[in-house]
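Enquirer: Got a file for you: structure-v5.txt, compact mmCIF, C-alpha atoms (C1' of nucleotides).
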# COMPACT_ATOMS: atom_id res chain seq x y z
CA MET F 1 15.28 27.56 17.50
CA PRO F 2 11.75 26.57 16.39
CA LYS F 3 8.89 26.45 18.89
CA THR F 4 7.90 22.92 19.72
CA ASN F 5 4.36 22.61 18.50
CA MET F 6 2.45 19.61 19.81
CA LYS F 7 0.22 19.41 16.75
CA ASP F 8 3.30 19.17 14.54
CA THR F 9 4.83 16.61 16.88
CA ILE F 10 1.70 14.47 16.63
CA LYS F 11 1.77 14.78 12.87
CA ASN F 12 5.44 13.87 12.62
CA VAL F 13 5.30 10.83 14.89
CA SER F 14 2.19 9.73 12.99
CA ILE F 15 4.10 9.93 9.71
CA ASP F 16 6.76 7.68 11.22
CA LEU F 17 4.23 5.23 12.60
CA PHE F 18 1.98 5.06 9.54
CA TYR F 19 5.08 4.58 7.41
CA LYS F 20 6.46 1.78 9.57
CA LYS F 21 3.31 -0.07 10.67
CA GLY F 22 0.55 1.29 8.49
CA TYR F 23 -2.44 3.44 9.42
CA PHE F 24 -4.79 0.75 10.75
CA ALA F 25 -2.04 -1.03 12.64
CA SER F 26 -1.08 2.21 14.40
CA SER F 27 -3.28 3.03 17.37
CA ILE F 28 -4.05 6.37 18.98
CA ASN F 29 -2.19 4.97 21.94
CA ASP F 30 0.93 4.36 19.83
CA ILE F 31 0.80 7.92 18.57
CA ALA F 32 0.33 9.34 22.06
CA ARG F 33 3.21 7.31 23.44
CA ALA F 34 5.51 8.45 20.63
CA ALA F 35 4.47 12.05 21.17
CA GLY F 36 4.95 11.77 24.92
CA ILE F 37 1.38 12.59 25.94
CA GLN F 38 -1.78 10.73 26.96
CA LYS F 39 -4.07 9.51 24.20
CA SER F 40 -6.93 11.75 25.23
CA SER F 41 -4.71 14.77 24.63
CA ILE F 42 -4.55 13.88 20.95
CA TYR F 43 -8.20 14.88 20.67
CA TYR F 44 -7.46 18.43 21.69
CA HIS F 45 -5.42 18.82 18.46
CA TYR F 46 -7.22 16.50 16.08
CA SER F 47 -10.90 15.61 16.13
CA ASN F 48 -10.20 11.95 15.34
CA LYS F 49 -7.64 9.55 13.96
CA GLU F 50 -8.62 10.02 10.35
CA ASP F 51 -8.04 13.74 10.71
CA ILE F 52 -4.35 13.11 11.29
CA LEU F 53 -4.11 10.95 8.20
CA PHE F 54 -6.00 13.50 6.12
CA ASP F 55 -3.70 16.29 7.32
CA ILE F 56 -0.64 14.28 6.25
CA LEU F 57 -2.05 13.38 2.85
CA LYS F 58 -3.31 16.87 2.07
CA THR F 59 -0.04 18.55 2.99
CA ALA F 60 1.96 16.11 0.87
CA MET F 61 -0.30 16.65 -2.12
CA ILE F 62 -0.19 20.45 -1.81
CA ASP F 63 3.59 20.44 -1.52
CA LEU F 64 4.02 18.10 -4.47
CA ASP F 65 1.88 20.28 -6.68
CA SER F 66 3.48 23.55 -5.68
CA LYS F 67 6.98 22.14 -6.25
CA LEU F 68 5.96 21.20 -9.76
CA GLU F 69 4.47 24.61 -10.48
CA SER F 70 7.50 26.53 -9.28
CA ARG F 71 9.90 24.29 -11.22
CA LEU F 72 7.89 24.60 -14.42
CA ALA F 73 7.54 28.39 -14.18
CA GLY F 74 9.22 30.05 -17.13
CA ILE F 75 10.06 26.88 -19.05
CA LYS F 76 8.62 27.02 -22.56
CA LYS F 77 9.98 24.06 -24.53
CA THR F 78 7.72 21.02 -24.17
CA GLU F 79 10.57 18.54 -24.00
CA GLU F 80 12.20 20.55 -21.24
CA ARG F 81 8.88 20.83 -19.38
CA MET F 82 8.45 17.06 -19.48
CA ARG F 83 12.01 16.46 -18.31
CA THR F 84 11.57 18.93 -15.47
CA ALA F 85 8.25 17.45 -14.40
CA ILE F 86 9.69 13.92 -14.25
CA TYR F 87 12.81 15.10 -12.43
CA CYS F 88 10.77 17.09 -9.92
CA HIS F 89 8.26 14.31 -9.29
CA THR F 90 10.98 11.70 -8.77
CA LEU F 91 13.02 13.93 -6.49
CA PHE F 92 9.99 14.72 -4.34
CA HIS F 93 9.24 11.02 -3.93
CA MET F 94 12.69 10.43 -2.46
CA ARG F 95 12.81 13.58 -0.33
CA ARG F 96 9.36 12.98 1.14
CA GLN F 97 9.56 9.21 1.01
CA LYS F 98 7.50 8.42 4.10
CA GLU F 99 4.59 10.71 3.35
CA VAL F 100 4.22 9.66 -0.26
CA LEU F 101 4.33 6.00 0.70
CA ILE F 102 1.51 6.67 3.15
CA SER F 103 -0.35 8.52 0.40
CA ASP F 104 -0.08 5.49 -1.82
CA SER F 105 -1.15 2.82 0.62
CA GLU F 106 -3.46 4.40 3.17
CA LEU F 107 -6.05 6.20 1.07
CA ARG F 108 -8.58 3.61 2.19
CA GLY F 109 -8.32 5.01 5.68
CA LEU F 110 -10.27 8.05 4.52
CA THR F 111 -14.04 8.45 4.60
CA VAL F 112 -15.77 9.33 1.34
CA ASP F 113 -15.61 13.13 1.53
CA ASN F 114 -11.94 13.31 2.42
CA TYR F 115 -11.13 10.61 -0.09
CA LYS F 116 -12.75 12.63 -2.85
CA ILE F 117 -10.74 15.72 -1.96
CA ILE F 118 -7.41 13.92 -2.19
CA ILE F 119 -8.33 12.05 -5.38
CA GLU F 120 -9.40 15.30 -7.02
CA MET F 121 -6.07 16.94 -6.14
CA ARG F 122 -4.25 13.92 -7.50
CA ASP F 123 -6.23 13.85 -10.73
CA LYS F 124 -5.57 17.53 -11.29
CA TYR F 125 -1.86 16.92 -10.80
CA ASP F 126 -1.89 13.91 -13.13
CA ARG F 127 -3.62 15.93 -15.84
CA LYS F 128 -0.67 18.33 -15.89
CA PHE F 129 1.60 15.46 -16.93
CA GLN F 130 -0.92 14.23 -19.46
CA SER F 131 -1.23 17.64 -21.04
CA ILE F 132 2.53 18.12 -21.42
CA LEU F 133 2.86 14.65 -22.91
CA LYS F 134 -0.01 15.18 -25.34
CA LYS F 135 1.35 18.58 -26.38
CA GLY F 136 4.70 16.97 -27.19
CA MET F 137 2.99 14.35 -29.34
CA ASP F 138 0.96 17.02 -31.15
CA GLU F 139 4.11 19.05 -31.76
CA GLY F 140 5.92 15.98 -33.06
CA VAL F 141 8.71 15.99 -30.46
CA PHE F 142 7.31 12.89 -28.73
CA ALA F 143 6.34 9.72 -30.59
CA GLU F 144 2.63 9.34 -31.15
CA ASN F 145 1.07 6.95 -28.63
CA ASN F 146 -1.73 6.62 -26.07
CA TYR F 147 -0.80 9.61 -23.92
CA LYS F 148 -2.93 8.60 -20.94
CA ILE F 149 -1.38 5.15 -20.70
CA LEU F 150 2.14 6.52 -21.06
CA SER F 151 1.47 9.27 -18.57
CA ASN F 152 0.26 6.72 -16.03
CA ALA F 153 3.25 4.52 -16.75
CA ILE F 154 5.74 7.35 -16.24
CA ILE F 155 4.12 8.79 -13.13
CA THR F 156 3.77 5.43 -11.41
CA MET F 157 7.37 4.52 -12.21
CA CYS F 158 8.62 7.73 -10.67
CA THR F 159 6.25 7.44 -7.73
CA ALA F 160 7.50 3.94 -7.01
CA VAL F 161 11.04 5.19 -6.50
CA SER F 162 9.81 5.75 -2.95
CA ILE F 163 9.41 2.01 -2.50
CA TRP F 164 12.97 0.95 -3.16
CA PHE F 165 15.00 4.13 -2.62
CA ASN F 166 17.54 3.75 0.15
CA PRO F 167 18.71 7.05 1.68
CA HIS F 168 21.98 5.36 2.63
CA GLY F 169 22.67 4.04 -0.86
CA GLN F 170 25.53 5.17 -3.08
CA LEU F 171 23.68 7.32 -5.58
CA SER F 172 22.34 10.74 -4.65
CA LYS F 173 18.68 11.61 -4.97
CA GLU F 174 19.53 14.08 -7.72
CA LYS F 175 21.49 11.49 -9.70
CA ILE F 176 18.64 8.99 -9.53
CA ALA F 177 16.11 11.63 -10.58
CA GLN F 178 18.40 12.39 -13.51
CA ILE F 179 18.52 8.72 -14.54
CA TYR F 180 14.73 8.53 -14.36
CA ALA F 181 14.30 11.67 -16.46
CA ASP F 182 16.76 10.46 -19.10
CA PHE F 183 15.18 7.01 -19.20
CA ASN F 184 11.67 8.29 -19.76
CA LEU F 185 12.62 11.03 -22.18
CA LYS F 186 14.46 8.51 -24.33
CA ALA F 187 11.38 6.28 -24.32
CA ILE F 188 8.92 8.97 -25.38
CA LYS F 189 10.97 10.94 -27.89
CA VAL F 190 10.43 10.40 -31.60
CA MET R 1 -18.19 -28.50 -12.13
CA PRO R 2 -15.46 -27.96 -9.50
CA LYS R 3 -15.98 -29.09 -5.90
CA THR R 4 -16.63 -26.17 -3.60
CA ASN R 5 -13.73 -26.15 -1.20
CA MET R 6 -14.22 -24.06 1.93
CA LYS R 7 -10.53 -23.30 2.30
CA ASP R 8 -10.48 -21.89 -1.24
CA THR R 9 -13.67 -19.96 -0.58
CA ILE R 10 -12.09 -18.37 2.50
CA LYS R 11 -9.02 -17.51 0.49
CA ASN R 12 -11.00 -15.99 -2.35
CA VAL R 13 -13.30 -13.86 -0.23
CA SER R 14 -10.22 -12.75 1.71
CA ILE R 15 -8.57 -11.62 -1.54
CA ASP R 16 -11.66 -9.55 -2.29
CA LEU R 17 -11.80 -8.07 1.21
CA PHE R 18 -8.09 -7.34 1.57
CA TYR R 19 -8.15 -5.72 -1.86
CA LYS R 20 -11.16 -3.55 -1.08
CA LYS R 21 -10.62 -2.65 2.58
CA GLY R 22 -7.09 -3.68 3.36
CA TYR R 23 -5.81 -6.48 5.60
CA PHE R 24 -6.03 -4.75 8.98
CA ALA R 25 -9.41 -3.21 8.22
CA SER R 26 -10.83 -6.62 7.32
CA SER R 27 -11.87 -8.67 10.32
CA ILE R 28 -12.18 -12.43 10.72
CA ASN R 29 -15.87 -11.71 11.09
CA ASP R 30 -15.98 -9.98 7.70
CA ILE R 31 -14.29 -12.97 6.12
CA ALA R 32 -16.62 -15.44 7.80
CA ARG R 33 -19.71 -13.50 6.74
CA ALA R 34 -18.49 -13.34 3.14
CA ALA R 35 -17.72 -17.06 3.18
CA GLY R 36 -21.10 -17.87 4.73
CA ILE R 37 -19.81 -19.50 7.90
CA GLN R 38 -19.19 -18.56 11.53
CA LYS R 39 -15.90 -16.91 12.38
CA SER R 40 -14.75 -19.76 14.60
CA SER R 41 -14.98 -22.09 11.60
CA ILE R 42 -12.23 -20.11 9.91
CA TYR R 43 -9.80 -21.52 12.45
CA TYR R 44 -10.44 -25.05 11.32
CA HIS R 45 -8.89 -24.14 7.94
CA TYR R 46 -6.34 -21.53 8.90
CA SER R 47 -4.48 -21.28 12.19
CA ASN R 48 -4.85 -17.51 12.30
CA LYS R 49 -5.56 -14.42 10.24
CA GLU R 50 -2.00 -13.91 9.13
CA ASP R 51 -1.98 -17.43 7.73
CA ILE R 52 -4.62 -16.43 5.20
CA LEU R 53 -2.60 -13.41 4.11
CA PHE R 54 0.57 -15.48 3.87
CA ASP R 55 -1.20 -18.09 1.76
CA ILE R 56 -2.39 -15.40 -0.66
CA LEU R 57 1.01 -13.74 -0.94
CA LYS R 58 2.93 -16.99 -1.33
CA THR R 59 0.66 -18.33 -4.05
CA ALA R 60 0.86 -15.07 -6.00
CA MET R 61 4.63 -15.04 -5.81
CA ILE R 62 4.95 -18.69 -6.87
CA ASP R 63 2.60 -18.18 -9.80
CA LEU R 64 4.38 -15.00 -10.92
CA ASP R 65 7.74 -16.72 -10.92
CA SER R 66 6.56 -19.85 -12.71
CA LYS R 67 4.82 -17.78 -15.42
CA LEU R 68 8.11 -16.01 -16.06
CA GLU R 69 10.08 -19.24 -16.22
CA SER R 70 7.75 -20.92 -18.66
CA ARG R 71 7.61 -17.84 -20.91
CA LEU R 72 11.39 -17.49 -20.95
CA ALA R 73 12.01 -21.17 -21.67
CA GLY R 74 13.74 -21.58 -25.01
CA ILE R 75 14.30 -17.89 -25.70
CA LYS R 76 17.98 -17.21 -26.31
CA LYS R 77 18.35 -13.61 -27.52
CA THR R 78 18.82 -11.24 -24.59
CA GLU R 79 16.67 -8.49 -26.10
CA GLU R 80 13.85 -10.95 -26.62
CA ARG R 81 14.22 -12.31 -23.10
CA MET R 82 13.93 -8.81 -21.67
CA ARG R 83 10.91 -8.02 -23.80
CA THR R 84 9.24 -11.26 -22.79
CA ALA R 85 9.99 -10.72 -19.10
CA ILE R 86 8.48 -7.23 -19.14
CA TYR R 87 5.46 -8.36 -21.13
CA CYS R 88 4.87 -11.32 -18.83
CA HIS R 89 5.29 -9.30 -15.63
CA THR R 90 2.94 -6.57 -16.81
CA LEU R 91 0.30 -9.02 -18.01
CA PHE R 92 0.37 -10.90 -14.71
CA HIS R 93 -0.15 -7.67 -12.79
CA MET R 94 -3.37 -7.03 -14.69
CA ARG R 95 -4.64 -10.61 -14.66
CA ARG R 96 -4.01 -11.04 -10.95
CA GLN R 97 -4.65 -7.41 -10.06
CA LYS R 98 -6.15 -7.94 -6.61
CA GLU R 99 -3.54 -10.33 -5.30
CA VAL R 100 -0.57 -8.30 -6.48
CA LEU R 101 -2.03 -5.14 -4.99
CA ILE R 102 -2.35 -6.96 -1.68
CA SER R 103 1.24 -8.16 -2.08
CA ASP R 104 2.40 -4.60 -2.50
CA SER R 105 0.55 -3.00 0.37
CA GLU R 106 0.03 -5.61 3.06
CA LEU R 107 3.48 -7.09 3.58
CA ARG R 108 3.56 -5.38 6.96
CA GLY R 109 0.80 -7.72 8.06
CA LEU R 110 3.33 -10.55 8.17
CA THR R 111 5.42 -11.54 11.16
CA VAL R 112 9.19 -11.66 10.70
CA ASP R 113 9.59 -15.26 9.55
CA ASN R 114 6.85 -15.11 6.93
CA TYR R 115 7.98 -11.68 5.83
CA LYS R 116 11.48 -13.01 5.18
CA ILE R 117 10.15 -15.87 3.07
CA ILE R 118 8.18 -13.56 0.78
CA ILE R 119 10.97 -11.00 0.50
CA GLU R 120 13.44 -13.72 -0.41
CA MET R 121 11.15 -15.01 -3.17
CA ARG R 122 10.74 -11.47 -4.43
CA ASP R 123 14.46 -10.75 -4.40
CA LYS R 124 15.17 -13.94 -6.31
CA TYR R 125 12.59 -12.93 -8.91
CA ASP R 126 14.01 -9.41 -9.16
CA ARG R 127 17.51 -10.74 -9.71
CA LYS R 128 16.31 -12.54 -12.83
CA PHE R 129 15.41 -9.16 -14.35
CA GLN R 130 18.68 -7.65 -13.20
CA SER R 131 20.69 -10.44 -14.73
CA ILE R 132 18.99 -10.18 -18.14
CA LEU R 133 19.44 -6.41 -18.11
CA LYS R 134 23.10 -6.64 -17.14
CA LYS R 135 23.76 -9.30 -19.78
CA GLY R 136 22.28 -7.00 -22.42
CA MET R 137 24.54 -4.18 -21.33
CA ASP R 138 27.58 -6.45 -21.38
CA GLU R 139 26.66 -7.67 -24.85
CA GLY R 140 26.21 -4.11 -26.04
CA VAL R 141 22.54 -4.46 -27.03
CA PHE R 142 21.41 -2.29 -24.10
CA ALA R 143 22.93 1.08 -23.28
CA GLU R 144 25.42 1.01 -20.42
CA ASN R 145 23.82 2.25 -17.20
CA ASN R 146 23.25 1.34 -13.55
CA TYR R 147 21.47 -1.96 -14.12
CA LYS R 148 20.07 -2.25 -10.60
CA ILE R 149 18.45 1.17 -10.72
CA LEU R 150 17.02 0.56 -14.18
CA SER R 151 15.80 -2.87 -13.22
CA ASN R 152 13.98 -1.45 -10.20
CA ALA R 153 12.55 1.33 -12.33
CA ILE R 154 11.21 -1.07 -14.95
CA ILE R 155 9.82 -3.64 -12.52
CA THR R 156 8.06 -1.06 -10.38
CA MET R 157 6.56 0.62 -13.44
CA CYS R 158 5.14 -2.67 -14.64
CA THR R 159 4.01 -3.65 -11.16
CA ALA R 160 2.15 -0.37 -10.78
CA VAL R 161 -0.03 -1.13 -13.79
CA SER R 162 -2.15 -2.93 -11.19
CA ILE R 163 -2.91 0.40 -9.51
CA TRP R 164 -4.51 2.17 -12.43
CA PHE R 165 -5.57 -0.66 -14.76
CA ASN R 166 -9.30 -0.74 -15.34
CA PRO R 167 -10.65 -4.12 -16.53
CA HIS R 168 -13.52 -2.28 -18.21
CA GLY R 169 -11.29 0.14 -20.11
CA GLN R 170 -10.87 0.20 -23.87
CA LEU R 171 -7.45 -1.36 -24.25
CA SER R 172 -6.92 -5.06 -23.73
CA LYS R 173 -4.47 -6.38 -21.17
CA GLU R 174 -2.30 -7.73 -23.96
CA LYS R 175 -2.21 -4.40 -25.77
CA ILE R 176 -1.17 -2.55 -22.61
CA ALA R 177 1.52 -5.13 -21.87
CA GLN R 178 2.77 -4.57 -25.43
CA ILE R 179 2.94 -0.80 -24.94
CA TYR R 180 4.87 -1.30 -21.70
CA ALA R 181 7.32 -3.69 -23.33
CA ASP R 182 7.91 -1.36 -26.28
CA PHE R 183 8.30 1.66 -24.01
CA ASN R 184 10.92 0.04 -21.81
CA LEU R 185 12.82 -1.65 -24.63
CA LYS R 186 13.14 1.67 -26.43
CA ALA R 187 14.46 3.25 -23.25
CA ILE R 188 17.13 0.65 -22.57
CA LYS R 189 18.37 -0.13 -26.09
CA VAL R 190 21.59 1.43 -27.32
C1' DG W 1 -16.43 -29.46 9.67
C1' DT W 2 -19.42 -26.19 11.53
C1' DC W 3 -21.81 -24.43 15.39
C1' DT W 4 -22.74 -21.36 19.99
C1' DA W 5 -20.68 -19.01 23.54
C1' DT W 6 -17.24 -16.47 25.52
C1' DA W 7 -12.67 -15.18 27.06
C1' DG W 8 -9.45 -11.52 27.16
C1' DA W 9 -7.27 -7.72 25.01
C1' DT W 10 -7.35 -3.55 22.58
C1' DG W 11 -9.49 -0.27 19.76
C1' DG W 12 -11.39 4.92 19.25
C1' DA W 13 -13.42 8.33 21.67
C1' DT W 14 -15.56 11.19 25.66
C1' DA W 15 -16.22 13.42 30.51
C1' DG W 16 -14.60 16.26 33.61
C1' DA W 17 -10.74 17.74 36.88
C1' DC W 18 -6.76 20.76 37.04
C1' DG X 1 -3.45 22.05 27.01
C1' DT X 2 -2.81 17.90 29.42
C1' DC X 3 -4.33 14.77 32.78
C1' DT X 4 -7.07 10.38 34.93
C1' DA X 5 -10.76 7.48 34.44
C1' DT X 6 -13.93 5.12 31.87
C1' DC X 7 -17.38 3.72 28.24
C1' DC X 8 -18.53 0.70 24.83
C1' DA X 9 -17.59 -1.47 20.53
C1' DT X 10 -14.84 -4.65 18.22
C1' DC X 11 -11.06 -7.51 17.66
C1' DT X 12 -8.52 -12.31 17.47
C1' DA X 13 -8.76 -16.59 19.19
C1' DT X 14 -10.34 -20.67 22.05
C1' DA X 15 -13.54 -24.22 24.37
C1' DG X 16 -16.53 -27.52 23.78
C1' DA X 17 -21.13 -29.28 21.85
C1' DC X 18 -23.05 -31.52 17.78
Starting from the file, lay out its structure as structure tokens.

Expert:
Amino acid sequence: MPKTNMKDTIKNVSIDLFYKKGYFASSINDIARAAGIQKSSIYYHYSNKEDILFDILKTAMIDLDSKLESRLAGIKKTEERMRTAIYCHTLFHMRRQKEVLISDSELRGLTVDNYKIIIEMRDKYDRKFQSILKKGMDEGVFAENNYKILSNAIITMCTAVSIWFNPHGQLSKEKIAQIYADFNLKAIKV
Amino acid sequence: MPKTNMKDTIKNVSIDLFYKKGYFASSINDIARAAGIQKSSIYYHYSNKEDILFDILKTAMIDLDSKLESRLAGIKKTEERMRTAIYCHTLFHMRRQKEVLISDSELRGLTVDNYKIIIEMRDKYDRKFQSILKKGMDEGVFAENNYKILSNAIITMCTAVSIWFNPHGQLSKEKIAQIYADFNLKAIKV
DNA sequence: GTCTATAGATGGATAGAC
DNA sequence: GTCTATCCATCTATAGAC
């Protein structure tokens, strides 16, 4: 059985709270109560409230990017790379629903330096989609179009699955990711 | 020239503040300062802070729905109705960027009763998209698929244009709405 | 309709004991 | 590593004068 780590506990209850009530509406006191400790004890593990948020956002971004990289490894065909990227992105946004929703609505809770770090990671990730899409257009497998606009459109659609996805619904995460991949591939192909 | 109405001023500066800093991070004091009055004067126009948020969200939802209705009026062909709905929804989410972004991230600021009212309006609006999409599938002009999933996918994609759209970018709002309509129509057609 | 003044609660964060 | 106690800033909202 895994060692109970208080820092992880704080992080996990914070994910729940930020997801349910939002970052600003969740107090240090709320977090402490959920973690079963006094609020001052939080500061032994994290230097301040923003630090918890930053930890959550950074971890989510790192995991998202590494999932993409490992899924894409070895795939050569551009069409298949695009399909895989969309499938992977959509699946992640259902599996890690709470964290990605926090990522998308609580960025304003970060001070400038931390904000820049997350935005840079996100831009780098986005450019991977853009480059696959552009390559497909150059190769003639995808219809010529504004690749930045389409890339934004596709990524935001697949990101937003986290907003409406219901874990207790009828369709599996994998089936929904499949529908999303098919939908977008059909739209971009020549 | 239009009469300067303090209630409207409060509403407008609140839209700016909620958009920039978020609802919980914006204080009554911030709003008062931006409106050029003392914070106690806010309470002459609105009974509390949530009332301002609710006013913003309700107005946005009413306007969104009435835009759709007037655009759809007289259009018979299902494919054209779908195209118009997508175009209209996307355009609105660029024209009213701030308000719709608040709508999508600050719903948690509402108490239960107000929350229910907004969600009900939103569901009713969503069902209009679902019904057009389903009709197209029944008629055989759209490919058979899970119409609820696809409807969610399309609506959230077009809603999310508000996240990345840059008013100072090269493409016009109308051009982007056109790209979005074309993209989605291509994806759903048989 | 806007002001000054303030109540009353809660926020993030720190000091220092154990 | 967690506790009690507390500081001080800020928050929403109200009372009552003008």

Enquirer: At a cut-off of 12 Å around the point (-13.7, 3.5, 19.8) (file coordinates), what residues fall inside when counting all atoms listed in the file? I'd like the answer as a ChimeraX atom specification.

Expert: /F:27-29,40,48-49 /W:10-14 /X:7-11

Enquirer: Compile the contact shell of Gly109 in chain F as a list in words: residues with an atom at most 8 Å away, counting all atoms listed in the file, same-chain residues fewer than 4 positions apart removed.

Expert: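 After dropping sequence-adjacent residues, the list is Tyr23, Phe24, Glu50 and Leu53 of chain F.
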
Enquirer: May I have the residues within 12 Å of Asp51 in chain R as a ChimeraX atom specification, using all atoms listed in the file and disregarding those fewer than 3 positions away in the same chain?

Expert: /R:7,10-11,14,23,28,42-48,54-58,109-111,113-115

Enquirer: What residues in chain R have any atom no more than 9 Å from chain F when counting all atoms listed in the file, and can you write them as number ranges by chain?

Expert: R: 20-25, 104-106, 108-109, 145-146, 149-150, 152-161, 163-164, 176, 179-180, 182-188

Enquirer: Pull out every residue of chain W sitting within 9 Å of chain R, counting all atoms listed in the file, and send them as number ranges by chain.

Expert: W: 1-3

Enquirer: Contacts of Glu174 in chain F at 12 Å or less, counting all atoms listed in the file, minus same-chain residues fewer than 2 places along, as a list in words?

Expert: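 Once the nearby chain positions are removed, what remains is Ile86, Tyr87, Cys88, His89, Thr90, Leu91, Phe92, His93, Met94, Arg95, Pro167, Gln170, Leu171, Ser172, Ile176, Ala177, Gln178, Ile179, Tyr180 and Ala181 of chain F.
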
Enquirer: Can I get the residues of chain X within 9 Å of chain R, each with the closest pair of atoms and their distance in Å to one decimal, using all atoms listed in the file, sorted chain first then ascending number, as CSV?

Expert:
residue,atom,partner,partner_atom,distance
X:DC11,C1',R:Ser27,CA,7.5
X:DT12,C1',R:Ile28,CA,7.7
X:DA13,C1',R:Asn48,CA,8.0
X:DT14,C1',R:Ser40,CA,8.7

Enquirer: Hey, can you check how far CA of Ile52 in chain R sits from CA of Asn166 in chain R?

Expert: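 Computing the Euclidean distance for CA of Ile52 in chain R and CA of Asn166 in chain R yields 26.3 Å.
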
Enquirer: Which value, in Å to one decimal, gives the distance between CA of Ile31 in chain R and CA of Leu107 in chain F?

Expert: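 Value for the CA of Ile31 in chain R-CA of Leu107 in chain F distance: 21.5 Å.
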
Enquirer: Find the spatial neighbours of Lys148 in chain R, counting all atoms listed in the file, within a cut-off of 10 Å - ignore same-chain residues fewer than 6 positions away - and output them as a PyMOL selection string.

Expert: chain R and resi 126-127+129-131+133-134+154
